[in-house]
Amino acid sequence: MSKTQWLLRQLTKQLWFRSSLFAVLAVITALVAIAVKPFIPASVSGLIGSEAVDEILAILASSMLAVTTFSLNIMVTAYNSASSSVTPRATSLLMEDRTTQNVLATFIGSFLYSLVGIIALGMGAYGTQGRVVLFFVTLLVIAMIVITLLRWIQHLANFGSLGETSQRVEQATRAALTERLQNPCMGGSAWQGDLPAAARPHPLLPESIGYLQHIDLQRLNDRADAQQVHLYLAAQPGSFVHPGSPLLWCTQPMSEEDQHHLKSAFTIGEQRSYEQDPRFGLCVLAEIASRALSPAVNDPGTAIDIIGRAVRLFGHPVPPASDEVAWPRIFIRPAQISDMFDDVFTAIGRDGAGLAEVQIRLQKSLQALALIAPHRYAADAQRHSRLALSRANMAMSCAADKTAVERAAIWALPEKISCD
């Protein structure tokens, strides 16, 4: 997607965005009764219950303010719990939760609706016919609040828990990983890292320091077409960039205007993003497992669960890698399976080296990946199997545990490697 689309997508994920939309909609809804009151027949102006709308709105205003405050406290507690028990890198996914955002937006919108209604009633803006409209709209708002409360109660049962947060990380990683496996070069031309002599003198350096979150490849390719040049990307989403590390190299000198236009295609932020960076999601899963395997937590079951999630991610059906080149003037290094395996399996194999149950599950999972897609995963699965076996032999003191792990790793032998 383009940079503008990506920025808009990030904007819509913000907590305040939906709340603001619902707030504006609530104010408009409360004022609609004033506009439509001339069309209400006088015969229904004395409808039973319409006179009680003042009290109903007063109850809504006071209760919705309290419920909103209570819900915000629950959110903050869930974020802190996920940050301490899972990993701080996963809290951004909780903040983007649609159910939570819809609940808060509904409560805030209902509060503003009732507040505007009370003010307009005090000013006498509605009249008898307008009260009827306001009464029916208020009944609809109450029904919406009840439904939202029921959904919120059900949602709170798992919100912020370890398993639910891990599932969010898995889902966010799956989309980016599937896209990258299908398009290893992100639609650009494959580049194996050999930089042409014509491009070496012309690097494009960033002006800020941070993580590369998004690249607008369409913008880069359009500029390359206009200038009849080739661009060699040095950084991919997830890379840590600084003024000393090139974003790309160009085969011709670049004017200041060209450099400014090319730099505008790169979005640099303080944190990594899940969208174009599948390795970030894999690193977060590894962090969850490492925290669970720490002596302070001592929860090997969570590490085993993360191993299963990694197998589901890599074993998810992926269409064959596309040979189509959407951006022929942009050269990108293909995504490496070895790097992805290192991101998720290295930490688990290291921190769980002394636990037989973790090592056996890790060996079986690596074997499963080698069987699921031998052409894609077999070599790296065998490499990690042997490395995990070597670490287990060094960390374990029980001969029976070593034998059990070796039996599980027999598929990746005959030779064992050492950590040296």
# chains A, B, ... in the order shown; residues from 1 in each chain; ligands from 1
$ residues_around --residues "range 186-191 of chain A" --least-positions-apart "3" --cutoff "7 Å" --atoms "only C-alpha atoms" --output "list in words"
Arg180, Asn183, Glu324, Val325, Ala326, Trp327, Pro328, Ile330, Phe331, Ile332, Arg333 and Pro334 of chain A
$ select_by_dssp --residues "range 153-326 of chain A" --states "helix (DSSP H, G or I)" --output "PyMOL selection string"
chain A and resi 153-156+162-182+217-227+256-263+278-293+300-315
$ atom_distance --atom1 "CA of Ala409 in chain A" --atom2 "CA of Leu389 in chain A"
7.1 Å
$ residues_around --residues "Gln336 in chain A" --least-positions-apart "4" --cutoff "12 Å" --atoms "only C-alpha atoms" --output "NGL selection string"
:A and (177 or 180-181 or 183-185 or 192 or 278-279 or 332 or 340-343 or 376-377 or 380)
$ residues_around --residues "His316 in chain A" --least-positions-apart "5" --cutoff "10 Å" --atoms "only C-alpha atoms" --output "ChimeraX atom specification"
/A:174,177-178,310-311,372
$ closest_residue --among "A:Ala378, A:Ile28, A:Leu204, A:Ala265" --to "His242 in chain A" --atoms "only C-alpha atoms"
A:Leu204
$ atom_distance --atom1 "CA of Gln154 in chain A" --atom2 "CA of Ala90 in chain A"
21.4 Å
$ atom_distance --atom1 "CA of Asp194 in chain A" --atom2 "CA of Ala335 in chain A"
15.8 Å
$ residues_around --residues "Gly301 in chain A" --least-positions-apart "4" --cutoff "10 Å" --atoms "only C-alpha atoms" --output "list in words"
Ala289, Ala292, Leu293, Asp305, Ile306, Ile307, Glu357 and Val358 of chain A
$ write_last_selection --atoms "N, CA and C atoms" --output "mmCIF file, in the first residue's frame"
data_model
loop_
_atom_site.group_PDB
_atom_site.id
_atom_site.type_symbol
_atom_site.label_atom_id
_atom_site.label_comp_id
_atom_site.auth_asym_id
_atom_site.auth_seq_id
_atom_site.Cartn_x
_atom_site.Cartn_y
_atom_site.Cartn_z
ATOM 1 N N ALA A 289 8.202 -16.478 24.897
ATOM 2 C CA ALA A 289 8.734 -17.766 25.336
ATOM 3 C C ALA A 289 9.921 -17.586 26.267
ATOM 4 N N ALA A 292 8.801 -16.647 29.678
ATOM 5 C CA ALA A 292 8.205 -17.798 30.362
ATOM 6 C C ALA A 292 9.271 -18.768 30.863
ATOM 7 N N LEU A 293 10.392 -18.850 30.166
ATOM 8 C CA LEU A 293 11.452 -19.770 30.550
ATOM 9 C C LEU A 293 12.427 -19.181 31.556
ATOM 10 N N ASP A 305 3.706 -23.714 24.034
ATOM 11 C CA ASP A 305 2.609 -23.111 23.276
ATOM 12 C C ASP A 305 3.138 -22.209 22.166
ATOM 13 N N ILE A 306 4.174 -21.429 22.455
ATOM 14 C CA ILE A 306 4.753 -20.544 21.442
ATOM 15 C C ILE A 306 5.380 -21.357 20.319
ATOM 16 N N ILE A 307 6.025 -22.470 20.655
ATOM 17 C CA ILE A 307 6.582 -23.339 19.614
ATOM 18 C C ILE A 307 5.471 -23.824 18.682
ATOM 19 N N GLU A 357 11.293 -31.277 28.329
ATOM 20 C CA GLU A 357 9.987 -31.178 27.685
ATOM 21 C C GLU A 357 9.974 -30.113 26.595
ATOM 22 N N VAL A 358 10.707 -29.008 26.833
ATOM 23 C CA VAL A 358 10.790 -27.956 25.821
ATOM 24 C C VAL A 358 11.624 -28.427 24.635
#
$ closest_residue --among "A:Ala224, A:Leu60, A:Ala395, A:Val53" --to "Gly109 in chain A" --atoms "only C-alpha atoms"
A:Leu60
$ closest_residue --among "A:Met396, A:Leu262, A:Ala353, A:Val133" --to "Val32 in chain A" --atoms "only C-alpha atoms"
A:Val133
$ closest_atom_pairs --of "range 283-393 of chain A" --to "range 72-86 of chain A" --cutoff "12 Å" --atoms "only C-alpha atoms" --output "JSON lines"
{"residue": "A:Val284", "atom": "CA", "partner": "A:Val86", "partner_atom": "CA", "distance": 9.2}
{"residue": "A:Leu285", "atom": "CA", "partner": "A:Val86", "partner_atom": "CA", "distance": 9.3}
{"residue": "A:Ala286", "atom": "CA", "partner": "A:Val86", "partner_atom": "CA", "distance": 10.6}
{"residue": "A:Glu287", "atom": "CA", "partner": "A:Val86", "partner_atom": "CA", "distance": 8.0}
{"residue": "A:Ile288", "atom": "CA", "partner": "A:Val86", "partner_atom": "CA", "distance": 5.5}
{"residue": "A:Ala289", "atom": "CA", "partner": "A:Val86", "partner_atom": "CA", "distance": 8.8}
{"residue": "A:Ser290", "atom": "CA", "partner": "A:Val86", "partner_atom": "CA", "distance": 9.9}
{"residue": "A:Arg291", "atom": "CA", "partner": "A:Val86", "partner_atom": "CA", "distance": 7.4}
{"residue": "A:Ala292", "atom": "CA", "partner": "A:Val86", "partner_atom": "CA", "distance": 8.3}
{"residue": "A:Leu293", "atom": "CA", "partner": "A:Val86", "partner_atom": "CA", "distance": 11.8}
{"residue": "A:Ser294", "atom": "CA", "partner": "A:Ser85", "partner_atom": "CA", "distance": 11.6}
{"residue": "A:Ala296", "atom": "CA", "partner": "A:Ser85", "partner_atom": "CA", "distance": 11.1}
{"residue": "A:Val297", "atom": "CA", "partner": "A:Ser85", "partner_atom": "CA", "distance": 9.0}
{"residue": "A:Asp299", "atom": "CA", "partner": "A:Ser85", "partner_atom": "CA", "distance": 11.2}
{"residue": "A:Thr302", "atom": "CA", "partner": "A:Val86", "partner_atom": "CA", "distance": 10.1}
{"residue": "A:Ala303", "atom": "CA", "partner": "A:Val86", "partner_atom": "CA", "distance": 11.5}
{"residue": "A:Ile306", "atom": "CA", "partner": "A:Val86", "partner_atom": "CA", "distance": 11.6}
$ residues_around --residues "Ile410 in chain A" --least-positions-apart "5" --cutoff "12 Å" --atoms "only C-alpha atoms" --output "ChimeraX atom specification"
/A:360,363-364,366-367,382,385-386,389,403-405,415-416
$ residues_around --residues "Leu248 in chain A" --least-positions-apart "6" --cutoff "12 Å" --atoms "only C-alpha atoms" --output "mmCIF file with N, CA and C atoms, in the first residue's frame"
data_model
loop_
_atom_site.group_PDB
_atom_site.id
_atom_site.type_symbol
_atom_site.label_atom_id
_atom_site.label_comp_id
_atom_site.auth_asym_id
_atom_site.auth_seq_id
_atom_site.Cartn_x
_atom_site.Cartn_y
_atom_site.Cartn_z
ATOM 1 N N GLY A 193 22.750 -8.918 -3.298
ATOM 2 C CA GLY A 193 23.655 -8.130 -2.458
ATOM 3 C C GLY A 193 24.875 -7.592 -3.150
ATOM 4 N N LEU A 195 26.503 -5.028 -5.166
ATOM 5 C CA LEU A 195 26.149 -3.666 -5.560
ATOM 6 C C LEU A 195 26.938 -3.259 -6.804
ATOM 7 N N ALA A 199 26.415 2.344 -8.625
ATOM 8 C CA ALA A 199 25.534 2.749 -7.521
ATOM 9 C C ALA A 199 26.301 3.069 -6.244
ATOM 10 N N ARG A 200 27.520 2.593 -6.098
ATOM 11 C CA ARG A 200 28.249 2.759 -4.841
ATOM 12 C C ARG A 200 28.429 4.220 -4.426
ATOM 13 N N PRO A 201 28.689 5.144 -5.347
ATOM 14 C CA PRO A 201 28.914 6.542 -4.913
ATOM 15 C C PRO A 201 27.635 7.309 -4.590
ATOM 16 N N HIS A 202 26.469 6.699 -4.736
ATOM 17 C CA HIS A 202 25.221 7.468 -4.621
ATOM 18 C C HIS A 202 24.277 6.846 -3.594
ATOM 19 N N PRO A 203 24.632 6.869 -2.314
ATOM 20 C CA PRO A 203 23.714 6.353 -1.284
ATOM 21 C C PRO A 203 22.698 7.420 -0.877
ATOM 22 N N LEU A 204 21.552 6.958 -0.428
ATOM 23 C CA LEU A 204 20.528 7.849 0.132
ATOM 24 C C LEU A 204 20.505 7.623 1.637
ATOM 25 N N LEU A 205 20.884 8.649 2.401
ATOM 26 C CA LEU A 205 21.000 8.522 3.851
ATOM 27 C C LEU A 205 19.782 9.117 4.542
ATOM 28 N N PRO A 206 19.263 8.468 5.579
ATOM 29 C CA PRO A 206 18.100 9.025 6.303
ATOM 30 C C PRO A 206 18.512 10.212 7.164
ATOM 31 N N ILE A 215 7.637 1.093 3.605
ATOM 32 C CA ILE A 215 8.249 1.588 2.380
ATOM 33 C C ILE A 215 7.175 1.689 1.313
ATOM 34 N N LEU A 220 8.694 4.940 -4.950
ATOM 35 C CA LEU A 220 10.090 4.757 -5.344
ATOM 36 C C LEU A 220 10.182 4.374 -6.821
ATOM 37 N N HIS A 230 18.047 2.789 -11.502
ATOM 38 C CA HIS A 230 17.749 1.613 -10.704
ATOM 39 C C HIS A 230 18.057 1.925 -9.250
ATOM 40 N N LEU A 231 17.223 1.412 -8.351
ATOM 41 C CA LEU A 231 17.378 1.637 -6.915
ATOM 42 C C LEU A 231 17.636 0.299 -6.232
ATOM 43 N N TYR A 232 18.639 0.268 -5.365
ATOM 44 C CA TYR A 232 19.003 -0.940 -4.621
ATOM 45 C C TYR A 232 18.735 -0.678 -3.140
ATOM 46 N N LEU A 233 17.702 -1.328 -2.601
ATOM 47 C CA LEU A 233 17.297 -1.078 -1.223
ATOM 48 C C LEU A 233 18.290 -1.713 -0.260
ATOM 49 N N ALA A 234 18.845 -0.883 0.615
ATOM 50 C CA ALA A 234 19.750 -1.393 1.647
ATOM 51 C C ALA A 234 19.001 -1.759 2.914
ATOM 52 N N ALA A 235 17.841 -1.168 3.115
ATOM 53 C CA ALA A 235 17.063 -1.398 4.343
ATOM 54 C C ALA A 235 15.686 -1.921 3.976
ATOM 55 N N GLN A 236 15.170 -2.793 4.810
ATOM 56 C CA GLN A 236 13.827 -3.320 4.678
ATOM 57 C C GLN A 236 13.045 -3.010 5.953
ATOM 58 N N VAL A 241 17.728 2.182 11.245
ATOM 59 C CA VAL A 241 18.445 3.072 10.329
ATOM 60 C C VAL A 241 18.907 4.313 11.077
ATOM 61 N N MET A 254 21.855 11.976 -7.466
ATOM 62 C CA MET A 254 20.497 12.433 -7.142
ATOM 63 C C MET A 254 20.527 13.898 -6.741
ATOM 64 N N GLN A 259 16.302 13.365 -3.836
ATOM 65 C CA GLN A 259 16.546 12.785 -2.516
ATOM 66 C C GLN A 259 15.357 13.005 -1.592
ATOM 67 N N LEU A 262 12.530 10.669 -2.660
ATOM 68 C CA LEU A 262 12.795 9.275 -2.309
ATOM 69 C C LEU A 262 12.687 9.056 -0.805
ATOM 70 N N LYS A 263 13.180 10.003 -0.014
ATOM 71 C CA LYS A 263 13.100 9.860 1.446
ATOM 72 C C LYS A 263 11.660 9.857 1.933
ATOM 73 N N ALA A 265 9.296 8.330 0.768
ATOM 74 C CA ALA A 265 8.695 7.002 0.620
ATOM 75 C C ALA A 265 8.979 6.112 1.821
ATOM 76 N N PHE A 266 9.877 6.529 2.691
ATOM 77 C CA PHE A 266 10.258 5.725 3.862
ATOM 78 C C PHE A 266 9.633 6.326 5.113
ATOM 79 N N ILE A 330 13.346 -1.529 -8.837
ATOM 80 C CA ILE A 330 13.736 -1.606 -7.430
ATOM 81 C C ILE A 330 14.287 -2.999 -7.154
ATOM 82 N N PHE A 331 15.497 -3.056 -6.632
ATOM 83 C CA PHE A 331 16.147 -4.328 -6.337
ATOM 84 C C PHE A 331 16.183 -4.532 -4.827
ATOM 85 N N ILE A 332 15.647 -5.685 -4.396
ATOM 86 C CA ILE A 332 15.470 -5.978 -2.974
ATOM 87 C C ILE A 332 16.025 -7.360 -2.682
ATOM 88 N N ARG A 333 16.701 -7.474 -1.552
ATOM 89 C CA ARG A 333 17.183 -8.795 -1.138
ATOM 90 C C ARG A 333 15.994 -9.674 -0.753
#
$ select_by_dssp --residues "range 220-333 of chain A" --states "strand (DSSP E or B)" --output "ChimeraX atom specification"
/A:231-233,240-241,248-250,266-269,327-332
